[in-house]
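Listing of model.csv; format and content: CSV, C-alpha atoms and all ligand atoms.
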```csv
chain,number,residue,atom,x,y,z
A,1,MET,CA,-51.7,42.5,229.0
A,2,LYS,CA,-53.5,41.5,232.2
A,3,ILE,CA,-51.2,40.6,235.1
A,4,ILE,CA,-51.7,39.5,238.7
A,5,MET,CA,-49.1,39.9,241.4
A,6,LEU,CA,-49.0,37.1,244.0
A,7,GLY,CA,-46.8,36.9,247.1
A,8,ALA,CA,-46.8,37.3,250.8
A,9,PRO,CA,-47.3,40.7,252.5
A,10,GLY,CA,-44.1,42.7,251.9
A,11,ALA,CA,-42.8,40.4,249.2
A,12,GLY,CA,-42.4,43.3,246.9
A,13,LYS,CA,-45.6,43.2,244.8
A,14,GLY,CA,-46.2,46.9,244.9
A,15,THR,CA,-42.5,47.7,244.2
A,16,GLN,CA,-42.5,45.5,241.1
A,17,ALA,CA,-46.1,46.4,240.0
A,18,GLU,CA,-45.1,50.0,239.8
A,19,ARG,CA,-42.1,49.2,237.5
A,20,ILE,CA,-44.2,46.9,235.3
A,21,SER,CA,-46.9,49.6,235.0
A,22,LYS,CA,-44.3,52.2,233.8
A,23,LYS,CA,-42.6,49.8,231.4
A,24,TYR,CA,-45.8,48.5,229.8
A,25,GLY,CA,-47.9,51.6,230.1
A,26,ILE,CA,-50.8,49.8,231.9
A,27,PRO,CA,-52.4,50.9,235.2
A,28,HIS,CA,-51.3,49.5,238.5
A,29,ILE,CA,-54.3,48.6,240.6
A,30,SER,CA,-53.5,47.9,244.3
A,31,THR,CA,-56.5,47.1,246.4
A,32,GLY,CA,-54.5,47.9,249.5
A,33,ASP,CA,-53.7,51.4,248.2
A,34,ILE,CA,-57.4,51.9,247.3
A,35,PHE,CA,-58.4,50.9,250.8
A,36,ARG,CA,-55.8,53.1,252.4
A,37,ALA,CA,-56.8,56.1,250.3
A,38,ASN,CA,-60.4,55.6,251.4
A,39,ILE,CA,-59.4,55.3,255.1
A,40,LYS,CA,-57.5,58.5,254.7
A,41,ALA,CA,-60.5,60.2,253.1
A,42,GLY,CA,-62.8,58.8,255.8
A,43,THR,CA,-65.3,57.3,253.3
A,44,GLU,CA,-67.8,54.6,254.2
A,45,LEU,CA,-65.6,52.0,252.4
A,46,GLY,CA,-62.6,53.2,254.3
A,47,ILE,CA,-64.3,52.9,257.7
A,48,LYS,CA,-65.5,49.4,256.9
A,49,ALA,CA,-62.0,48.3,255.5
A,50,LYS,CA,-60.1,49.7,258.4
A,51,ALA,CA,-61.7,47.4,261.0
A,52,TYR,CA,-60.2,44.4,259.1
A,53,ILE,CA,-56.9,45.9,257.9
A,54,ASP,CA,-55.8,47.0,261.4
A,55,LYS,CA,-56.3,43.5,262.7
A,56,GLY,CA,-54.3,42.0,259.8
A,57,LEU,CA,-57.5,40.3,258.4
A,58,LEU,CA,-58.9,40.4,254.9
A,59,VAL,CA,-61.7,42.8,253.9
A,60,PRO,CA,-64.8,40.6,253.0
A,61,ASP,CA,-64.8,39.2,249.4
A,62,ASP,CA,-68.1,40.9,248.4
A,63,VAL,CA,-66.7,44.4,249.1
A,64,THR,CA,-63.4,43.7,247.4
A,65,VAL,CA,-64.8,42.0,244.3
A,66,ASP,CA,-67.2,44.8,243.5
A,67,LEU,CA,-64.5,47.4,243.9
A,68,VAL,CA,-62.1,45.6,241.5
A,69,MET,CA,-64.8,44.8,238.9
A,70,ASP,CA,-65.7,48.4,238.8
A,71,ARG,CA,-62.1,49.5,238.5
A,72,ILE,CA,-61.2,47.2,235.6
A,73,SER,CA,-64.3,48.3,233.7
A,74,GLN,CA,-62.8,51.8,233.4
A,75,GLU,CA,-61.5,53.2,230.2
A,76,ASP,CA,-57.8,53.2,231.1
A,77,CYS,CA,-57.9,49.4,231.6
A,78,LYS,CA,-58.9,48.5,228.1
A,79,ASN,CA,-55.3,47.6,227.1
A,80,GLY,CA,-54.7,45.7,230.3
A,81,TYR,CA,-53.7,46.3,234.0
A,82,ILE,CA,-51.7,44.9,236.9
A,83,LEU,CA,-53.7,43.7,239.9
A,84,ASP,CA,-51.6,44.0,243.1
A,85,GLY,CA,-53.2,42.4,246.1
A,86,PHE,CA,-56.2,41.0,244.3
A,87,PRO,CA,-57.3,38.2,244.1
A,88,ARG,CA,-56.4,37.1,247.6
A,89,THR,CA,-58.8,34.2,248.2
A,90,ILE,CA,-60.1,31.4,245.9
A,91,PRO,CA,-63.6,32.9,245.7
A,92,GLN,CA,-62.0,36.2,244.6
A,93,ALA,CA,-60.0,34.4,241.9
A,94,GLU,CA,-63.1,32.5,240.7
A,95,SER,CA,-65.1,35.8,240.5
A,96,LEU,CA,-62.4,37.3,238.4
A,97,THR,CA,-62.1,34.3,236.1
A,98,GLU,CA,-65.8,34.3,235.6
A,99,ALA,CA,-66.0,38.1,234.9
A,100,LEU,CA,-63.2,37.9,232.4
A,101,LYS,CA,-64.7,34.8,230.7
A,102,ALA,CA,-67.9,36.7,230.3
A,103,ARG,CA,-65.9,39.3,228.4
A,104,GLY,CA,-64.2,36.7,226.3
A,105,THR,CA,-60.8,37.2,227.9
A,106,SER,CA,-58.5,35.9,230.7
A,107,ILE,CA,-55.5,36.7,232.8
A,108,ASP,CA,-52.2,36.5,230.9
A,109,HIS,CA,-49.6,36.2,233.7
A,110,ALA,CA,-49.7,35.5,237.4
A,111,VAL,CA,-46.4,36.6,238.9
A,112,ASP,CA,-45.5,35.0,242.3
A,113,VAL,CA,-42.9,37.0,244.1
A,114,ASP,CA,-41.4,34.4,246.4
A,115,VAL,CA,-39.9,35.5,249.8
A,116,PRO,CA,-39.7,33.3,252.9
A,117,ASP,CA,-41.5,34.4,256.1
A,118,GLU,CA,-38.2,35.0,257.9
A,119,SER,CA,-37.3,37.9,255.6
A,120,ILE,CA,-40.7,39.5,255.6
A,121,ILE,CA,-40.9,40.9,259.2
A,122,ALA,CA,-37.4,42.5,258.9
A,123,ARG,CA,-38.3,44.0,255.5
A,124,MET,CA,-41.6,45.4,256.8
A,125,SER,CA,-40.2,47.3,259.7
A,126,GLY,CA,-38.1,49.3,257.3
A,127,ARG,CA,-40.9,50.1,254.9
A,128,ARG,CA,-42.1,53.7,254.7
A,129,ALA,CA,-45.3,54.4,252.7
A,130,CYS,CA,-46.9,57.5,251.2
A,131,LEU,CA,-50.6,57.4,252.0
A,132,THR,CA,-51.3,60.2,249.5
A,133,CYS,CA,-50.0,58.6,246.3
A,134,GLY,CA,-49.2,55.0,247.3
A,135,ALA,CA,-45.4,55.1,246.7
A,136,THR,CA,-43.3,52.8,248.8
A,137,TYR,CA,-39.8,53.3,250.2
A,138,HIS,CA,-37.4,51.4,252.5
A,139,THR,CA,-35.1,52.9,255.1
A,140,VAL,CA,-32.2,50.8,253.7
A,141,TYR,CA,-33.1,49.4,250.3
A,142,ALA,CA,-35.1,52.2,248.6
A,143,LYS,CA,-34.5,55.6,250.3
A,144,PRO,CA,-36.3,58.7,249.3
A,145,VAL,CA,-34.2,61.7,248.2
A,146,LYS,CA,-35.2,63.7,251.2
A,147,GLU,CA,-35.7,61.6,254.4
A,148,GLY,CA,-39.4,61.2,255.4
A,149,ILE,CA,-40.7,62.9,252.2
A,150,CYS,CA,-42.3,61.3,249.2
A,151,ASP,CA,-40.2,61.9,246.0
A,152,LYS,CA,-43.3,61.8,243.9
A,153,CYS,CA,-45.8,64.0,245.6
A,154,GLY,CA,-44.0,65.7,248.6
A,155,ALA,CA,-46.3,64.2,251.3
A,156,SER,CA,-44.9,62.8,254.6
A,157,LEU,CA,-43.9,59.2,254.7
A,158,VAL,CA,-45.2,56.9,257.5
A,159,LEU,CA,-44.8,53.4,258.9
A,160,ARG,CA,-48.1,51.7,258.0
A,161,GLU,CA,-50.3,50.9,260.9
A,162,ASP,CA,-50.5,47.2,259.8
A,163,ASP,CA,-46.7,46.9,259.5
A,164,LYS,CA,-46.2,46.5,263.3
A,165,PRO,CA,-44.6,43.1,263.9
A,166,GLU,CA,-47.7,41.5,265.6
A,167,THR,CA,-49.9,42.5,262.8
A,168,VAL,CA,-47.4,41.4,260.1
A,169,LYS,CA,-47.4,37.9,261.8
A,170,GLN,CA,-51.2,37.8,261.6
A,171,ARG,CA,-51.1,38.9,257.9
A,172,LEU,CA,-48.6,36.1,257.2
A,173,LEU,CA,-51.0,33.5,258.8
A,174,VAL,CA,-53.8,34.8,256.7
A,175,TYR,CA,-51.6,34.7,253.6
A,176,HIS,CA,-50.7,31.0,254.1
A,177,GLU,CA,-54.3,30.0,254.8
A,178,GLN,CA,-56.2,32.0,252.3
A,179,THR,CA,-53.9,33.4,249.6
A,180,LYS,CA,-51.2,30.9,249.0
A,181,PRO,CA,-53.6,28.4,247.5
A,182,LEU,CA,-53.9,30.8,244.5
A,183,ILE,CA,-50.4,29.7,243.4
A,184,ASP,CA,-51.8,26.3,242.6
A,185,TYR,CA,-55.0,27.8,241.1
A,186,TYR,CA,-53.0,29.9,238.6
A,187,ARG,CA,-50.5,27.0,237.9
A,188,ARG,CA,-53.5,25.0,236.8
A,189,GLU,CA,-54.6,27.9,234.6
A,190,ASN,CA,-51.1,27.7,233.0
A,191,VAL,CA,-50.2,31.4,233.7
A,192,LEU,CA,-48.0,31.1,236.8
A,193,CYS,CA,-44.4,32.3,236.9
A,194,THR,CA,-42.4,32.4,240.1
A,195,VAL,CA,-39.5,34.8,240.7
A,196,ASP,CA,-37.1,34.8,243.6
A,197,GLY,CA,-38.1,37.9,245.5
A,198,THR,CA,-35.1,37.8,247.9
A,199,GLN,CA,-32.8,39.2,245.1
A,200,ASP,CA,-32.3,42.9,244.8
A,201,MET,CA,-35.2,44.9,243.3
A,202,GLU,CA,-33.5,45.3,239.9
A,203,LYS,CA,-32.8,41.6,239.5
A,204,VAL,CA,-36.4,40.7,240.5
A,205,PHE,CA,-37.6,43.1,237.9
A,206,LEU,CA,-35.3,41.7,235.2
A,207,ASP,CA,-36.6,38.2,236.0
A,208,ILE,CA,-40.2,39.4,235.7
A,209,THR,CA,-39.6,41.1,232.3
A,210,LYS,CA,-38.0,38.0,231.0
A,211,THR,CA,-41.2,36.1,231.7
A,212,LEU,CA,-43.5,38.8,230.4
A,213,GLY,CA,-41.5,39.4,227.2
A,214,ALA,CA,-40.1,42.6,225.6
A,301,LIG,P1,-51.8,45.3,250.8
A,301,LIG,O1,-51.5,46.8,250.8
A,301,LIG,O2,-52.0,44.6,249.5
A,301,LIG,O3,-50.7,44.6,251.6
A,301,LIG,P2,-49.9,43.2,251.4
A,301,LIG,O4,-50.3,42.2,250.4
A,301,LIG,O5,-49.8,42.7,252.8
A,301,LIG,O6,-48.6,43.7,250.8
A,301,LIG,P3,-47.8,44.9,251.1
A,301,LIG,O7,-48.3,46.1,250.4
A,301,LIG,O8,-47.6,45.0,252.6
A,301,LIG,O9,-46.4,44.4,250.4
A,301,LIG,P4,-45.9,44.4,249.0
A,301,LIG,O10,-45.8,42.9,248.5
A,301,LIG,O11,-46.6,45.3,248.1
A,301,LIG,O12,-44.4,44.8,249.2
A,301,LIG,P5,-43.7,46.3,248.9
A,301,LIG,O13,-43.4,46.4,247.4
A,301,LIG,O14,-44.4,47.4,249.6
A,301,LIG,O15,-53.1,45.1,251.6
A,301,LIG,C1,-53.3,45.6,252.9
A,301,LIG,C2,-54.5,45.1,253.5
A,301,LIG,O16,-55.7,45.4,252.8
A,301,LIG,C3,-54.6,43.5,253.6
A,301,LIG,O17,-53.9,43.1,254.8
A,301,LIG,C4,-56.1,43.3,253.7
A,301,LIG,O18,-56.6,43.6,255.0
A,301,LIG,C5,-56.6,44.4,252.7
A,301,LIG,N1,-56.8,43.9,251.4
A,301,LIG,C6,-56.1,44.3,250.3
A,301,LIG,N2,-56.4,43.6,249.2
A,301,LIG,C7,-57.4,42.7,249.6
A,301,LIG,C8,-58.2,41.7,248.9
A,301,LIG,N3,-58.0,41.5,247.6
A,301,LIG,N4,-59.1,41.1,249.7
A,301,LIG,C9,-59.3,41.3,251.0
A,301,LIG,N5,-58.6,42.2,251.7
A,301,LIG,C10,-57.7,42.9,251.0
A,301,LIG,O19,-42.3,45.9,249.6
A,301,LIG,C11,-42.2,45.8,251.0
A,301,LIG,C12,-40.9,46.6,251.5
A,301,LIG,O20,-39.7,45.9,251.0
A,301,LIG,C13,-40.8,48.0,250.9
A,301,LIG,O21,-40.2,48.8,251.9
A,301,LIG,C14,-39.8,47.9,249.7
A,301,LIG,O22,-39.1,49.0,249.5
A,301,LIG,C15,-38.9,46.7,250.2
A,301,LIG,N6,-38.5,45.8,249.1
A,301,LIG,C16,-39.3,45.4,248.0
A,301,LIG,N7,-38.6,44.6,247.2
A,301,LIG,C17,-37.4,44.5,247.8
A,301,LIG,C18,-36.2,43.7,247.5
A,301,LIG,N8,-36.1,42.9,246.4
A,301,LIG,N9,-35.2,43.8,248.3
A,301,LIG,C19,-35.2,44.6,249.5
A,301,LIG,N10,-36.3,45.3,249.8
A,301,LIG,C20,-37.3,45.2,249.0
A,302,MG,MG,-48.2,46.7,248.4
```
Starting from the file, give its structure as structure tokens.
Amino acid sequence: MKIIMLGAPGAGKGTQAERISKKYGIPHISTGDIFRANIKAGTELGIKAKAYIDKGLLVPDDVTVDLVMDRISQEDCKNGYILDGFPRTIPQAESLTEALKARGTSIDHAVDVDVPDESIIARMSGRRACLTCGATYHTVYAKPVKEGICDKCGASLVLREDDKPETVKQRLLVYHEQTKPLIDYYRRENVLCTVDGTQDMEKVFLDITKTLGA
């Protein structure tokens, strides 16, 4: 099963992708998490990506496409995967479609987690992220067992640099301009499903699994 998560920044793509990954036993591939791990490790990719991410802009397509193509070629992806945060532009979607076509396959589901802009900024200020393992928490809706500490790996939780309200506003602008057109793109490909992302996390997950089946 090959799944794409669509939705605005903070819509809950990562939260739901993590659950889908566990239920269906397929890897969760978040381009944002890959960039953040590289920033933390101080790699060349991380230094390049940071300049864009901190401004709320997208990392250039060529960098991102190569990274994802390489990742989905790995052994653990042979039964499928969930792409979270990729594609994010029409050229990225076209590159993915072409690459899959060359392998005789295609995306099975594009899940759009729909949340209006008004709810996003409030949601982001409460998010706490683990930059070591990529886990996501919320100060109200998804608390860790021990405040400030990741349940999964024990690292400290932080407010992401790009979750400051000014940067979130910029990310929303970029989303509407460059990423939202993907909804129509995948509707035309007949793989789009939209879920109401303003519901609680369990209900959103239930709606997604209904679409994906068993
Ligand atoms: P990325 O990390 O992908 O950021 P994003 O798309 O802006 O999405 P987020 O991770 O911020 O939100 P999310 O939808 O995963 O929500 P979450 O589940 O955490 O990318 C970061 C940057 O990297 C980009 O801005 C760009 O610069 C670059 N980049 C990445 N991919 C790229 C690409 N393909 N091309 C170019 N550049 C790229 O949930 C948010 C919060 O809400 C959490 O605290 C969560 O606990 C809470 N929450 C979730 N669901 C609910 C619910 N139902 N009710 C209440 N709270 C909820
Ligand atoms: Mg995310």
Hey, which bits of chain A sit within 7 Å of ligand LIG 301 (chain A), and for each residue what's the closest pair of atoms and how far apart in Å (one decimal), counting all atoms listed in the file, rows by chain and increasing number, as CSV?
```
residue,atom,partner,partner_atom,distance
A:Gly7,CA,A:LIG301,O10,6.2
A:Ala8,CA,A:LIG301,O4,6.0
A:Pro9,CA,A:LIG301,O5,3.2
A:Gly10,CA,A:LIG301,O9,3.2
A:Ala11,CA,A:LIG301,O10,4.0
A:Gly12,CA,A:LIG301,O13,3.3
A:Lys13,CA,A:LIG301,O10,3.7
A:Gly14,CA,A:LIG301,O11,3.6
A:Thr15,CA,A:LIG301,O13,3.6
A:Gln16,CA,A:LIG301,O13,6.4
A:Ser30,CA,A:LIG301,O2,6.3
A:Thr31,CA,A:LIG301,N2,4.5
A:Gly32,CA,A:LIG301,O1,3.4
A:Asp33,CA,A:LIG301,O1,5.7
A:Phe35,CA,A:LIG301,O16,6.4
A:Tyr52,CA,A:LIG301,O18,5.5
A:Ile53,CA,A:LIG301,O18,3.7
A:Gly56,CA,A:LIG301,O17,5.1
A:Leu57,CA,A:LIG301,O18,4.8
A:Leu58,CA,A:LIG301,N5,3.7
A:Val59,CA,A:LIG301,N5,3.8
A:Pro60,CA,A:LIG301,C9,5.9
A:Asp61,CA,A:LIG301,N4,6.0
A:Thr64,CA,A:LIG301,N4,5.5
A:Asp84,CA,A:LIG301,O2,6.4
A:Gly85,CA,A:LIG301,O2,4.2
A:Phe86,CA,A:LIG301,N3,3.8
A:Pro87,CA,A:LIG301,N3,4.9
A:Arg88,CA,A:LIG301,N3,4.7
A:Arg123,CA,A:LIG301,O20,5.1
A:Met124,CA,A:LIG301,C12,5.5
A:Gly126,CA,A:LIG301,O21,5.8
A:Arg127,CA,A:LIG301,O21,3.3
A:Arg128,CA,A:LIG301,O21,6.0
A:Thr136,CA,A:LIG301,O14,5.6
A:Tyr137,CA,A:LIG301,O22,4.4
A:His138,CA,A:LIG301,O21,3.9
A:Tyr141,CA,A:LIG301,N10,5.2
A:Ala142,CA,A:LIG301,O22,5.2
A:Arg171,CA,A:LIG301,O17,5.9
A:Gly197,CA,A:LIG301,N8,5.5
A:Thr198,CA,A:LIG301,N8,5.4
A:Gln199,CA,A:LIG301,N8,5.1
A:Asp200,CA,A:LIG301,N8,4.1
A:Met201,CA,A:LIG301,N8,3.8
A:Val204,CA,A:LIG301,N8,6.3
```
What's around region 70-72 of chain A at 10 Å? Count only C-alpha atoms, leave out sequence neighbours fewer than 5 positions away in its own chain, and write the answer as a PyMOL selection string. chain A and resi 27+29+31+65+77-78+80-83
C-alpha atoms of the current selection, written as a PDB file, keeping the file's coordinate frame:
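Contents of part_0.pdb, as written:
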```pdb
ATOM      1  CA  PRO A  27     -52.400  50.900 235.200  1.00  0.00           C
ATOM      2  CA  ILE A  29     -54.300  48.600 240.600  1.00  0.00           C
ATOM      3  CA  THR A  31     -56.500  47.100 246.400  1.00  0.00           C
ATOM      4  CA  VAL A  65     -64.800  42.000 244.300  1.00  0.00           C
ATOM      5  CA  CYS A  77     -57.900  49.400 231.600  1.00  0.00           C
ATOM      6  CA  LYS A  78     -58.900  48.500 228.100  1.00  0.00           C
ATOM      7  CA  GLY A  80     -54.700  45.700 230.300  1.00  0.00           C
ATOM      8  CA  TYR A  81     -53.700  46.300 234.000  1.00  0.00           C
ATOM      9  CA  ILE A  82     -51.700  44.900 236.900  1.00  0.00           C
ATOM     10  CA  LEU A  83     -53.700  43.700 239.900  1.00  0.00           C
TER      11      LEU A  83
END
```
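Residue nearest ligand MG 302 (chain A), chosen from A:Lys180, A:Lys2, A:Lys146, A:Arg160 and counting only C-alpha atoms and all ligand atoms: A:Arg160.
Nearest to Leu212 (chain A) of all the residues A:His109, A:Arg103, A:His28, A:Arg187 is A:His109, based on only C-alpha atoms.
Using only C-alpha atoms and all ligand atoms for every distance, the candidate list A:Val68, A:Ile107, A:Leu6, A:Ile149 yields A:Leu6 as the residue closest to ligand MG 302 (chain A).
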